[in-house]
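Q: Input: one structure, supplied below.
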Amino acid sequence: MEPIIIESTPKTPSVRFDAKQGVVEIKGRSIPENSVEFYKPLVDWLEQYSGNPASKTNVNIHLEYFNTSSSKCILDVFKKLEAIHKAKNNVAVNWYYEEDDEDMLEAGEDYESIIRIPFNMIEVED
Amino acid sequence: MSFNLQESFKKMNKGDVLLAYKGSITAELITNVLEVIESKLDDVNTASAVRKKIYNVLVESLQNLFHHIDDLPDQIKNEFDARFGVLVIAKEDDYYRISTGNFVRTGKVKQLKEKIDKINSLSREELKDMYKFVLNHQKLSAKGGGGLGLIDIAKKTGNKMEYSFYNYNSEFDFFNLNVFISESKN
């Protein structure tokens with residue numbers, strides 16, 4: 001499978017999805033007006049990846065900001081990962097949040113309570 | 001109340017104004033406003049958690065405007081820019097205020113009032129539950145709106161929203177929304 005590598009822009013995050021390494025990484029700001037356009041290829045990639053995932057998938061979500069339009073798409077990403085996890089594959093989710101950013105920590109907890117994979121909450125310095 | 005743009009805009013411009021804008025609300029405008037505000041917030045002596053909250057709430061406020069501005073009839077178009085909206089960010093006492101204004105069809109006023117009143121009546125825990133429920137159950141609209149903007153604003157600010165509707169003509173009202181971010185942590 002071809003990896004997805006996307007550089008960040010002021011309104012969209014950087015992305016690294018690599019099937020060989022089992023890495024799913026989204027980092028930066030996700031505040032586009034229409035997030036579906038940005039996330040659909042990512043969700044489609046995960047759908048394909050779920051057919052033959054790596055022995056361990058490391059998921060790193062490190063967002064500085066995301067808007068409510070993105071929040072639904074990010075849930076779609078997590079639901080694909082949940083399916084991979086349910087099929088008895090190893091999926092580790094690391095949710096990064098900046099020091100004192102309680103809103104971002106809470107957002108991680110909200111996702112964790114909706115999808116049934118335990119999250120590692122990782123605080124990083126600003 | 002009937003609508004007078006100058007008067008409404010003047011009211012919104014109370015306090016120490018960081019940014020005031022009236023005109024077309026486009027994706028480019030939103031990008032520019034966010035850039036300006038981010039650099040202004042870097043200069044003010046406010047905790048980084050509060051600056052992030054202001055930025056987050058501003059993103060939602062602007063994108064709410066962007067997604068909900070109705071196509072204006074010719075009568076309004078002669079007087080105002082296409083996709084007309086108003087935005088003011090100001091500091092008053094110990095809070096930041098984000099005021100937005102846009103035309104809405106009169107037929108939508110009742111539903112919008114009910115939605116804001118409902119959100120304002122909820123406790124923090126209830127807002128959290130509502131957010132999760134809508135996140136998990138509602139589909140994104142074709143424009144990319146998810147019906148979560150106001151809930152998210154209420155959840156993040158922890159403050160009640162204020163609104164007014166001003167009658168413009170038989171078909172349209174002007175909707176003014178004020179949201180408040182406390183400078184100190186609640």
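Naming scheme: A, B, ... for chains in displayed order of the structure tokens; residues 1 onward per chain; ligands 1 onward as shown.
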Please identify all polymer residues within 7 Å of B:Phe180, counting only C-alpha atoms, omitting same-chain residues fewer than 4 positions from it, and present them as a list in words.
A: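 Surrounding residues, per the criterion: Tyr95, Tyr96, Arg97, Ile98, Thr157 and Asn159 of chain B.
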Q: For the residues selected in the previous step, produce a file with N, CA and C atoms as a compact mmCIF listing (two decimals), in the first residue's frame.
A:
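Written output follows (selection.txt):
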# COMPACT_ATOMS: atom_id res chain seq x y z
N TYR B 95 -13.19 39.71 30.64
CA TYR B 95 -13.50 38.70 29.63
C TYR B 95 -13.29 39.24 28.22
N TYR B 96 -13.13 38.30 27.30
CA TYR B 96 -13.09 38.64 25.88
C TYR B 96 -14.47 38.35 25.30
N ARG B 97 -14.93 39.23 24.42
CA ARG B 97 -16.24 39.04 23.80
C ARG B 97 -16.05 38.87 22.29
N ILE B 98 -16.69 37.86 21.73
CA ILE B 98 -16.74 37.71 20.28
C ILE B 98 -18.18 37.95 19.87
N THR B 157 -16.41 27.80 26.60
CA THR B 157 -16.38 29.08 27.34
C THR B 157 -16.91 28.91 28.76
N ASN B 159 -19.64 29.94 29.61
CA ASN B 159 -20.48 31.12 29.85
C ASN B 159 -21.73 31.06 28.97
Q: Show me a table, sorted first by chain and then by increasing residue number, of the residues of chain B having an atom at most 10 Å from chain A, each with its shortest atom pair and the distance in Å to one decimal, counting only C-alpha atoms and written as a tab-separated table.
A:
residue	atom	partner	partner_atom	distance
B:Thr26	CA	A:Glu33	CA	9.8
B:Ala27	CA	A:Glu33	CA	7.1
B:Ile30	CA	A:Glu33	CA	9.3
B:Thr31	CA	A:Pro10	CA	7.9
B:Leu34	CA	A:Pro10	CA	9.6
B:Glu35	CA	A:Pro10	CA	8.9
B:Ala47	CA	A:Asp100	CA	9.6
B:Ser48	CA	A:Asp100	CA	8.1
B:Ala49	CA	A:Asp101	CA	5.7
B:Val50	CA	A:Asp101	CA	9.1
B:Lys52	CA	A:Asp101	CA	7.9
B:Lys53	CA	A:Asp103	CA	8.1
B:Tyr55	CA	A:Tyr65	CA	8.5
B:Asn56	CA	A:Tyr65	CA	6.8
B:Val57	CA	A:Asn67	CA	9.0
B:Val59	CA	A:Asn67	CA	6.9
B:Glu60	CA	A:Asn67	CA	6.5
B:Leu62	CA	A:Glu33	CA	9.6
B:Gln63	CA	A:Glu33	CA	6.5
B:Asn64	CA	A:Glu33	CA	9.5
B:Phe66	CA	A:Glu33	CA	8.1
B:His67	CA	A:Glu33	CA	8.2
B:Lys128	CA	A:Asp110	CA	8.4
B:Asp129	CA	A:Asp110	CA	9.2
B:Tyr131	CA	A:Asp110	CA	9.0
B:Lys132	CA	A:Asp110	CA	6.8
B:Phe133	CA	A:Ile114	CA	9.3
B:Val134	CA	A:Lys72	CA	9.3
B:Leu135	CA	A:Lys72	CA	6.0
B:Asn136	CA	A:Ile114	CA	7.6
B:His137	CA	A:Lys72	CA	9.6
B:Gln138	CA	A:Lys72	CA	8.7
B:Lys139	CA	A:Lys72	CA	8.1
B:Leu140	CA	A:Lys72	CA	7.4
B:Ser141	CA	A:Ser69	CA	9.5
B:Ala142	CA	A:Asn34	CA	8.6
B:Lys143	CA	A:Asn34	CA	6.4
B:Gly144	CA	A:Asn34	CA	4.6
B:Gly145	CA	A:Ser69	CA	5.7
B:Gly146	CA	A:Ser69	CA	5.8
B:Gly147	CA	A:Thr68	CA	8.3
B:Leu148	CA	A:Thr68	CA	6.0
B:Gly149	CA	A:Thr68	CA	6.1
B:Leu150	CA	A:Thr68	CA	9.6
B:Ile151	CA	A:Thr68	CA	9.6
B:Asp152	CA	A:Thr68	CA	7.4
B:Ile153	CA	A:Thr68	CA	9.8
B:Lys155	CA	A:Asp103	CA	9.2
B:Lys156	CA	A:Asp103	CA	7.0
Q: Only N, CA and C atoms, please: the residues just picked out, written as a tab-separated table (two decimals), in the first residue's frame.
A:
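Resulting contents of result.tsv:
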chain	number	residue	atom	x	y	z
B	26	THR	N	-15.83	35.07	3.86
B	26	THR	CA	-15.32	34.03	2.96
B	26	THR	C	-14.25	33.21	3.68
B	27	ALA	N	-13.87	32.09	3.07
B	27	ALA	CA	-12.82	31.24	3.68
B	27	ALA	C	-11.51	32.03	3.82
B	30	ILE	N	-11.64	34.37	6.76
B	30	ILE	CA	-11.47	33.64	8.02
B	30	ILE	C	-9.98	33.37	8.28
B	31	THR	N	-9.27	32.91	7.23
B	31	THR	CA	-7.83	32.66	7.37
B	31	THR	C	-7.10	33.93	7.82
B	34	LEU	N	-7.92	34.94	11.49
B	34	LEU	CA	-7.26	34.06	12.45
B	34	LEU	C	-5.79	34.40	12.60
B	35	GLU	N	-5.16	34.73	11.46
B	35	GLU	CA	-3.75	35.09	11.49
B	35	GLU	C	-3.52	36.37	12.29
B	47	ALA	N	-3.01	34.07	29.77
B	47	ALA	CA	-2.50	32.69	29.88
B	47	ALA	C	-2.69	31.96	28.56
B	48	SER	N	-1.74	31.07	28.25
B	48	SER	CA	-1.79	30.38	26.96
B	48	SER	C	-3.06	29.55	26.81
B	49	ALA	N	-3.56	28.99	27.92
B	49	ALA	CA	-4.80	28.20	27.85
B	49	ALA	C	-5.98	29.09	27.43
B	50	VAL	N	-5.98	30.34	27.90
B	50	VAL	CA	-7.06	31.27	27.55
B	50	VAL	C	-6.93	31.71	26.09
B	52	LYS	N	-5.69	29.98	23.70
B	52	LYS	CA	-6.14	28.85	22.89
B	52	LYS	C	-7.66	28.79	22.84
B	53	LYS	N	-8.27	29.05	23.99
B	53	LYS	CA	-9.73	29.03	24.05
B	53	LYS	C	-10.32	30.11	23.13
B	55	TYR	N	-8.96	31.44	20.51
B	55	TYR	CA	-8.73	31.04	19.13
B	55	TYR	C	-9.74	29.98	18.68
B	56	ASN	N	-9.92	28.97	19.53
B	56	ASN	CA	-10.87	27.90	19.24
B	56	ASN	C	-12.29	28.42	19.06
B	57	VAL	N	-12.71	29.27	19.99
B	57	VAL	CA	-14.08	29.78	19.95
B	57	VAL	C	-14.26	30.70	18.74
B	59	VAL	N	-12.67	30.38	15.86
B	59	VAL	CA	-12.80	29.49	14.69
B	59	VAL	C	-14.25	29.04	14.54
B	60	GLU	N	-14.85	28.58	15.62
B	60	GLU	CA	-16.24	28.10	15.55
B	60	GLU	C	-17.21	29.23	15.22
B	62	LEU	N	-16.64	32.01	13.55
B	62	LEU	CA	-16.49	32.42	12.15
B	62	LEU	C	-17.04	31.36	11.19
B	63	GLN	N	-16.79	30.10	11.54
B	63	GLN	CA	-17.26	29.05	10.62
B	63	GLN	C	-18.77	28.85	10.75
B	64	ASN	N	-19.32	29.14	11.92
B	64	ASN	CA	-20.79	29.17	12.04
B	64	ASN	C	-21.37	30.21	11.09
B	66	PHE	N	-19.93	31.43	8.44
B	66	PHE	CA	-19.65	30.98	7.07
B	66	PHE	C	-20.69	29.95	6.60
B	67	HIS	N	-21.03	29.01	7.47
B	67	HIS	CA	-21.95	27.94	7.06
B	67	HIS	C	-23.41	28.37	7.07
B	128	LYS	N	-21.53	18.33	27.85
B	128	LYS	CA	-20.55	17.31	27.45
B	128	LYS	C	-21.28	16.10	26.83
B	129	ASP	N	-22.37	15.70	27.48
B	129	ASP	CA	-23.14	14.56	26.96
B	129	ASP	C	-23.78	14.90	25.61
B	131	TYR	N	-22.74	17.10	23.44
B	131	TYR	CA	-21.67	17.17	22.44
B	131	TYR	C	-21.34	15.77	21.92
B	132	LYS	N	-21.17	14.85	22.85
B	132	LYS	CA	-20.80	13.49	22.45
B	132	LYS	C	-21.91	12.82	21.64
B	133	PHE	N	-23.16	13.10	22.06
B	133	PHE	CA	-24.29	12.48	21.35
B	133	PHE	C	-24.35	12.99	19.90
B	134	VAL	N	-24.26	14.31	19.74
B	134	VAL	CA	-24.35	14.87	18.38
B	134	VAL	C	-23.14	14.44	17.55
B	135	LEU	N	-21.98	14.43	18.17
B	135	LEU	CA	-20.76	13.99	17.48
B	135	LEU	C	-20.93	12.58	16.92
B	136	ASN	N	-21.53	11.74	17.72
B	136	ASN	CA	-21.63	10.32	17.38
B	136	ASN	C	-22.83	9.99	16.47
B	137	HIS	N	-23.84	10.86	16.43
B	137	HIS	CA	-25.07	10.50	15.74
B	137	HIS	C	-25.46	11.36	14.55
B	138	GLN	N	-24.92	12.58	14.48
B	138	GLN	CA	-25.38	13.46	13.41
B	138	GLN	C	-24.41	13.46	12.24
B	139	LYS	N	-24.95	13.44	11.03
B	139	LYS	CA	-24.09	13.47	9.84
B	139	LYS	C	-23.69	14.90	9.52
B	140	LEU	N	-22.53	15.05	8.88
B	140	LEU	CA	-22.10	16.36	8.43
B	140	LEU	C	-22.99	16.82	7.28
B	141	SER	N	-23.32	18.11	7.27
B	141	SER	CA	-24.08	18.65	6.15
B	141	SER	C	-23.16	18.74	4.93
B	142	ALA	N	-23.77	18.99	3.76
B	142	ALA	CA	-22.97	19.09	2.54
B	142	ALA	C	-21.92	20.19	2.65
B	143	LYS	N	-22.22	21.22	3.42
B	143	LYS	CA	-21.29	22.33	3.57
B	143	LYS	C	-20.19	22.03	4.59
B	144	GLY	N	-20.35	20.92	5.31
B	144	GLY	CA	-19.32	20.56	6.28
B	144	GLY	C	-19.65	20.97	7.70
B	145	GLY	N	-20.85	21.52	7.92
B	145	GLY	CA	-21.26	21.88	9.28
B	145	GLY	C	-21.78	20.65	9.99
B	146	GLY	N	-21.58	20.58	11.28
B	146	GLY	CA	-21.97	19.37	12.00
B	146	GLY	C	-22.99	19.62	13.09
B	147	GLY	N	-23.50	20.84	13.19
B	147	GLY	CA	-24.47	21.14	14.24
B	147	GLY	C	-23.85	21.17	15.63
B	148	LEU	N	-22.51	21.24	15.67
B	148	LEU	CA	-21.81	21.18	16.95
B	148	LEU	C	-21.25	22.53	17.40
B	149	GLY	N	-21.25	23.51	16.50
B	149	GLY	CA	-20.56	24.77	16.75
B	149	GLY	C	-20.99	25.45	18.04
B	150	LEU	N	-22.29	25.68	18.20
B	150	LEU	CA	-22.77	26.40	19.39
B	150	LEU	C	-22.55	25.59	20.66
B	151	ILE	N	-22.73	24.27	20.56
B	151	ILE	CA	-22.54	23.41	21.73
B	151	ILE	C	-21.07	23.49	22.16
B	152	ASP	N	-20.18	23.44	21.18
B	152	ASP	CA	-18.75	23.50	21.46
B	152	ASP	C	-18.37	24.85	22.09
B	153	ILE	N	-18.95	25.92	21.57
B	153	ILE	CA	-18.66	27.25	22.12
B	153	ILE	C	-19.10	27.31	23.59
B	155	LYS	N	-19.57	24.84	25.66
B	155	LYS	CA	-18.76	23.92	26.46
B	155	LYS	C	-17.39	24.53	26.77
B	156	LYS	N	-16.77	25.13	25.76
B	156	LYS	CA	-15.41	25.65	25.96
B	156	LYS	C	-15.40	26.93	26.80
Q: For each of A:Lys86, A:Arg116, A:Lys40, A:Lys56, take the minimum atom-to-atom distance to A:Ile74, counting only C-alpha atoms, then give the residue where this is smallest.
A: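 Once distances to A:Ile74 are computed over only C-alpha atoms, the minimum belongs to A:Lys40.
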Q: Taking the DSSP assignment computed from this structure's backbone, write out as a PDB file with N, CA and C atoms, in the first residue's frame all residues of chain B that belong to strand (DSSP E or B).
A:
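Output contents, as saved in states08.pdb:
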ATOM      1  N   SER B   2     -36.155  47.078  15.316  1.00  0.00           N
ATOM      2  CA  SER B   2     -35.816  47.100  13.896  1.00  0.00           C
ATOM      3  C   SER B   2     -34.298  47.271  13.748  1.00  0.00           C
ATOM      4  N   ASP B  16     -12.393  47.374  24.609  1.00  0.00           N
ATOM      5  CA  ASP B  16     -11.104  47.506  23.946  1.00  0.00           C
ATOM      6  C   ASP B  16     -11.125  46.580  22.717  1.00  0.00           C
ATOM      7  N   VAL B  17     -11.330  47.173  21.537  1.00  0.00           N
ATOM      8  CA  VAL B  17     -11.572  46.356  20.348  1.00  0.00           C
ATOM      9  C   VAL B  17     -10.264  45.842  19.742  1.00  0.00           C
ATOM     10  N   LEU B  18     -10.166  44.518  19.598  1.00  0.00           N
ATOM     11  CA  LEU B  18      -8.978  43.924  18.966  1.00  0.00           C
ATOM     12  C   LEU B  18      -9.142  43.872  17.460  1.00  0.00           C
ATOM     13  N   LEU B  19     -10.393  43.656  17.033  1.00  0.00           N
ATOM     14  CA  LEU B  19     -10.640  43.561  15.598  1.00  0.00           C
ATOM     15  C   LEU B  19     -12.126  43.779  15.330  1.00  0.00           C
ATOM     16  N   ALA B  20     -12.441  44.571  14.315  1.00  0.00           N
ATOM     17  CA  ALA B  20     -13.834  44.773  13.923  1.00  0.00           C
ATOM     18  C   ALA B  20     -13.923  44.678  12.415  1.00  0.00           C
ATOM     19  N   TYR B  21     -14.909  43.957  11.919  1.00  0.00           N
ATOM     20  CA  TYR B  21     -15.026  43.741  10.479  1.00  0.00           C
ATOM     21  C   TYR B  21     -16.500  43.696  10.100  1.00  0.00           C
ATOM     22  N   LYS B  22     -16.844  44.313   8.988  1.00  0.00           N
ATOM     23  CA  LYS B  22     -18.145  44.059   8.387  1.00  0.00           C
ATOM     24  C   LYS B  22     -17.970  43.923   6.885  1.00  0.00           C
ATOM     25  N   GLY B  23     -18.574  42.881   6.333  1.00  0.00           N
ATOM     26  CA  GLY B  23     -18.434  42.621   4.904  1.00  0.00           C
ATOM     27  C   GLY B  23     -18.633  41.149   4.609  1.00  0.00           C
ATOM     28  N   SER B  24     -18.108  40.710   3.462  1.00  0.00           N
ATOM     29  CA  SER B  24     -18.290  39.314   3.051  1.00  0.00           C
ATOM     30  C   SER B  24     -17.522  38.362   3.962  1.00  0.00           C
ATOM     31  N   PHE B  84     -22.896  38.777   3.600  1.00  0.00           N
ATOM     32  CA  PHE B  84     -22.590  39.822   4.572  1.00  0.00           C
ATOM     33  C   PHE B  84     -22.615  39.312   6.013  1.00  0.00           C
ATOM     34  N   GLY B  85     -21.613  39.686   6.762  1.00  0.00           N
ATOM     35  CA  GLY B  85     -21.589  39.373   8.181  1.00  0.00           C
ATOM     36  C   GLY B  85     -20.760  40.392   8.933  1.00  0.00           C
ATOM     37  N   VAL B  86     -20.893  40.387  10.239  1.00  0.00           N
ATOM     38  CA  VAL B  86     -20.197  41.332  11.095  1.00  0.00           C
ATOM     39  C   VAL B  86     -19.442  40.553  12.166  1.00  0.00           C
ATOM     40  N   LEU B  87     -18.242  41.042  12.479  1.00  0.00           N
ATOM     41  CA  LEU B  87     -17.454  40.380  13.526  1.00  0.00           C
ATOM     42  C   LEU B  87     -16.729  41.426  14.366  1.00  0.00           C
ATOM     43  N   VAL B  88     -16.844  41.307  15.673  1.00  0.00           N
ATOM     44  CA  VAL B  88     -16.070  42.176  16.558  1.00  0.00           C
ATOM     45  C   VAL B  88     -15.475  41.321  17.678  1.00  0.00           C
ATOM     46  N   ILE B  89     -14.172  41.508  17.911  1.00  0.00           N
ATOM     47  CA  ILE B  89     -13.531  40.846  19.051  1.00  0.00           C
ATOM     48  C   ILE B  89     -13.058  41.959  19.974  1.00  0.00           C
ATOM     49  N   ALA B  90     -13.516  41.935  21.214  1.00  0.00           N
ATOM     50  CA  ALA B  90     -13.186  43.014  22.137  1.00  0.00           C
ATOM     51  C   ALA B  90     -12.906  42.465  23.521  1.00  0.00           C
ATOM     52  N   LYS B  91     -12.150  43.236  24.273  1.00  0.00           N
ATOM     53  CA  LYS B  91     -11.886  42.871  25.664  1.00  0.00           C
ATOM     54  C   LYS B  91     -12.663  43.839  26.535  1.00  0.00           C
ATOM     55  N   GLU B  92     -13.437  43.309  27.471  1.00  0.00           N
ATOM     56  CA  GLU B  92     -14.171  44.150  28.410  1.00  0.00           C
ATOM     57  C   GLU B  92     -13.971  43.576  29.794  1.00  0.00           C
ATOM     58  N   TYR B  95     -13.194  39.708  30.642  1.00  0.00           N
ATOM     59  CA  TYR B  95     -13.502  38.697  29.634  1.00  0.00           C
ATOM     60  C   TYR B  95     -13.286  39.239  28.218  1.00  0.00           C
ATOM     61  N   TYR B  96     -13.133  38.298  27.297  1.00  0.00           N
ATOM     62  CA  TYR B  96     -13.093  38.638  25.879  1.00  0.00           C
ATOM     63  C   TYR B  96     -14.474  38.349  25.295  1.00  0.00           C
ATOM     64  N   ARG B  97     -14.929  39.232  24.419  1.00  0.00           N
ATOM     65  CA  ARG B  97     -16.240  39.037  23.796  1.00  0.00           C
ATOM     66  C   ARG B  97     -16.053  38.872  22.293  1.00  0.00           C
ATOM     67  N   ILE B  98     -16.694  37.858  21.734  1.00  0.00           N
ATOM     68  CA  ILE B  98     -16.743  37.708  20.285  1.00  0.00           C
ATOM     69  C   ILE B  98     -18.178  37.948  19.866  1.00  0.00           C
ATOM     70  N   SER B  99     -18.400  39.007  19.093  1.00  0.00           N
ATOM     71  CA  SER B  99     -19.747  39.331  18.610  1.00  0.00           C
ATOM     72  C   SER B  99     -19.820  39.055  17.122  1.00  0.00           C
ATOM     73  N   THR B 100     -20.852  38.365  16.716  1.00  0.00           N
ATOM     74  CA  THR B 100     -21.049  38.140  15.288  1.00  0.00           C
ATOM     75  C   THR B 100     -22.459  38.581  14.913  1.00  0.00           C
ATOM     76  N   GLY B 101     -22.641  38.907  13.648  1.00  0.00           N
ATOM     77  CA  GLY B 101     -23.967  39.305  13.173  1.00  0.00           C
ATOM     78  C   GLY B 101     -24.155  38.865  11.741  1.00  0.00           C
ATOM     79  N   ASN B 102     -25.350  38.368  11.445  1.00  0.00           N
ATOM     80  CA  ASN B 102     -25.668  38.012  10.064  1.00  0.00           C
ATOM     81  C   ASN B 102     -27.175  37.990   9.850  1.00  0.00           C
ATOM     82  N   PHE B 103     -27.572  38.107   8.589  1.00  0.00           N
ATOM     83  CA  PHE B 103     -28.999  38.027   8.262  1.00  0.00           C
ATOM     84  C   PHE B 103     -29.454  36.576   8.298  1.00  0.00           C
ATOM     85  N   VAL B 104     -30.615  36.343   8.878  1.00  0.00           N
ATOM     86  CA  VAL B 104     -31.210  35.004   8.833  1.00  0.00           C
ATOM     87  C   VAL B 104     -32.668  35.144   8.385  1.00  0.00           C
ATOM     88  N   ARG B 105     -33.157  34.107   7.715  1.00  0.00           N
ATOM     89  CA  ARG B 105     -34.562  34.121   7.314  1.00  0.00           C
ATOM     90  C   ARG B 105     -35.425  34.140   8.568  1.00  0.00           C
ATOM     91  N   GLU B 162     -25.295  35.363  24.602  1.00  0.00           N
ATOM     92  CA  GLU B 162     -26.338  36.387  24.516  1.00  0.00           C
ATOM     93  C   GLU B 162     -26.707  36.569  23.052  1.00  0.00           C
ATOM     94  N   TYR B 163     -27.984  36.787  22.799  1.00  0.00           N
ATOM     95  CA  TYR B 163     -28.366  37.019  21.401  1.00  0.00           C
ATOM     96  C   TYR B 163     -29.463  38.069  21.287  1.00  0.00           C
ATOM     97  N   SER B 164     -29.552  38.686  20.110  1.00  0.00           N
ATOM     98  CA  SER B 164     -30.666  39.579  19.783  1.00  0.00           C
ATOM     99  C   SER B 164     -31.032  39.359  18.329  1.00  0.00           C
ATOM    100  N   PHE B 165     -32.307  39.539  18.034  1.00  0.00           N
ATOM    101  CA  PHE B 165     -32.760  39.537  16.643  1.00  0.00           C
ATOM    102  C   PHE B 165     -33.359  40.898  16.341  1.00  0.00           C
ATOM    103  N   TYR B 166     -32.961  41.487  15.228  1.00  0.00           N
ATOM    104  CA  TYR B 166     -33.502  42.781  14.819  1.00  0.00           C
ATOM    105  C   TYR B 166     -34.247  42.575  13.511  1.00  0.00           C
ATOM    106  N   ASN B 167     -35.483  43.037  13.490  1.00  0.00           N
ATOM    107  CA  ASN B 167     -36.266  42.845  12.279  1.00  0.00           C
ATOM    108  C   ASN B 167     -35.746  43.741  11.157  1.00  0.00           C
ATOM    109  N   PHE B 172     -36.480  38.842   6.476  1.00  0.00           N
ATOM    110  CA  PHE B 172     -35.175  38.673   7.128  1.00  0.00           C
ATOM    111  C   PHE B 172     -35.054  39.384   8.470  1.00  0.00           C
ATOM    112  N   ASP B 173     -34.324  38.733   9.373  1.00  0.00           N
ATOM    113  CA  ASP B 173     -33.924  39.353  10.632  1.00  0.00           C
ATOM    114  C   ASP B 173     -32.400  39.423  10.660  1.00  0.00           C
ATOM    115  N   PHE B 174     -31.884  40.348  11.436  1.00  0.00           N
ATOM    116  CA  PHE B 174     -30.447  40.383  11.650  1.00  0.00           C
ATOM    117  C   PHE B 174     -30.175  39.758  13.012  1.00  0.00           C
ATOM    118  N   PHE B 175     -29.304  38.757  13.020  1.00  0.00           N
ATOM    119  CA  PHE B 175     -29.036  37.956  14.212  1.00  0.00           C
ATOM    120  C   PHE B 175     -27.698  38.365  14.804  1.00  0.00           C
ATOM    121  N   ASN B 176     -27.718  38.818  16.049  1.00  0.00           N
ATOM    122  CA  ASN B 176     -26.487  39.196  16.739  1.00  0.00           C
ATOM    123  C   ASN B 176     -26.234  38.212  17.883  1.00  0.00           C
ATOM    124  N   LEU B 177     -25.038  37.616  17.876  1.00  0.00           N
ATOM    125  CA  LEU B 177     -24.672  36.648  18.922  1.00  0.00           C
ATOM    126  C   LEU B 177     -23.408  37.119  19.631  1.00  0.00           C
ATOM    127  N   ASN B 178     -23.447  37.132  20.962  1.00  0.00           N
ATOM    128  CA  ASN B 178     -22.262  37.481  21.751  1.00  0.00           C
ATOM    129  C   ASN B 178     -21.839  36.284  22.585  1.00  0.00           C
ATOM    130  N   VAL B 179     -20.563  35.921  22.473  1.00  0.00           N
ATOM    131  CA  VAL B 179     -20.042  34.852  23.334  1.00  0.00           C
ATOM    132  C   VAL B 179     -18.870  35.406  24.137  1.00  0.00           C
ATOM    133  N   PHE B 180     -18.681  34.883  25.334  1.00  0.00           N
ATOM    134  CA  PHE B 180     -17.738  35.457  26.283  1.00  0.00           C
ATOM    135  C   PHE B 180     -16.736  34.415  26.769  1.00  0.00           C
ATOM    136  N   ILE B 181     -15.453  34.799  26.723  1.00  0.00           N
ATOM    137  CA  ILE B 181     -14.402  33.913  27.241  1.00  0.00           C
ATOM    138  C   ILE B 181     -13.794  34.617  28.451  1.00  0.00           C
ATOM    139  N   SER B 182     -13.877  33.973  29.604  1.00  0.00           N
ATOM    140  CA  SER B 182     -13.348  34.583  30.826  1.00  0.00           C
ATOM    141  C   SER B 182     -11.836  34.592  30.782  1.00  0.00           C
TER     142      SER B 182
END
Q: For B:Leu41, list every protein, DNA or RNA residue within 9 Å, evaluated using only C-alpha atoms, and leave out those in the same chain fewer than 4 positions away; present the list as a compact mmCIF listing (two decimals) with C-alpha atoms, in the first residue's frame.
A:
# COMPACT_ATOMS: atom_id res chain seq x y z
CA VAL B 36 -4.24 38.65 12.73
CA ILE B 37 -5.81 37.56 16.00
CA ASN B 45 -0.68 39.19 28.72
CA THR B 46 -3.13 36.30 28.88
CA ARG B 51 -5.47 32.33 24.26
CA ILE B 54 -10.22 32.41 22.34
CA TYR B 55 -8.73 31.04 19.13
Q: Got a sec to tell me which of stretch 1-183 of chain B DSSP assigns to helix (DSSP H, G or I), as an MDAnalysis selection string?
A: chainID B and resid 5:12 27:43 48:68 74:79 106:121 124:137 149:157
Q: So how far away is atom CA of A:Asn89 from atom CA of A:Gln48, in Å?
A: 14.8 Å
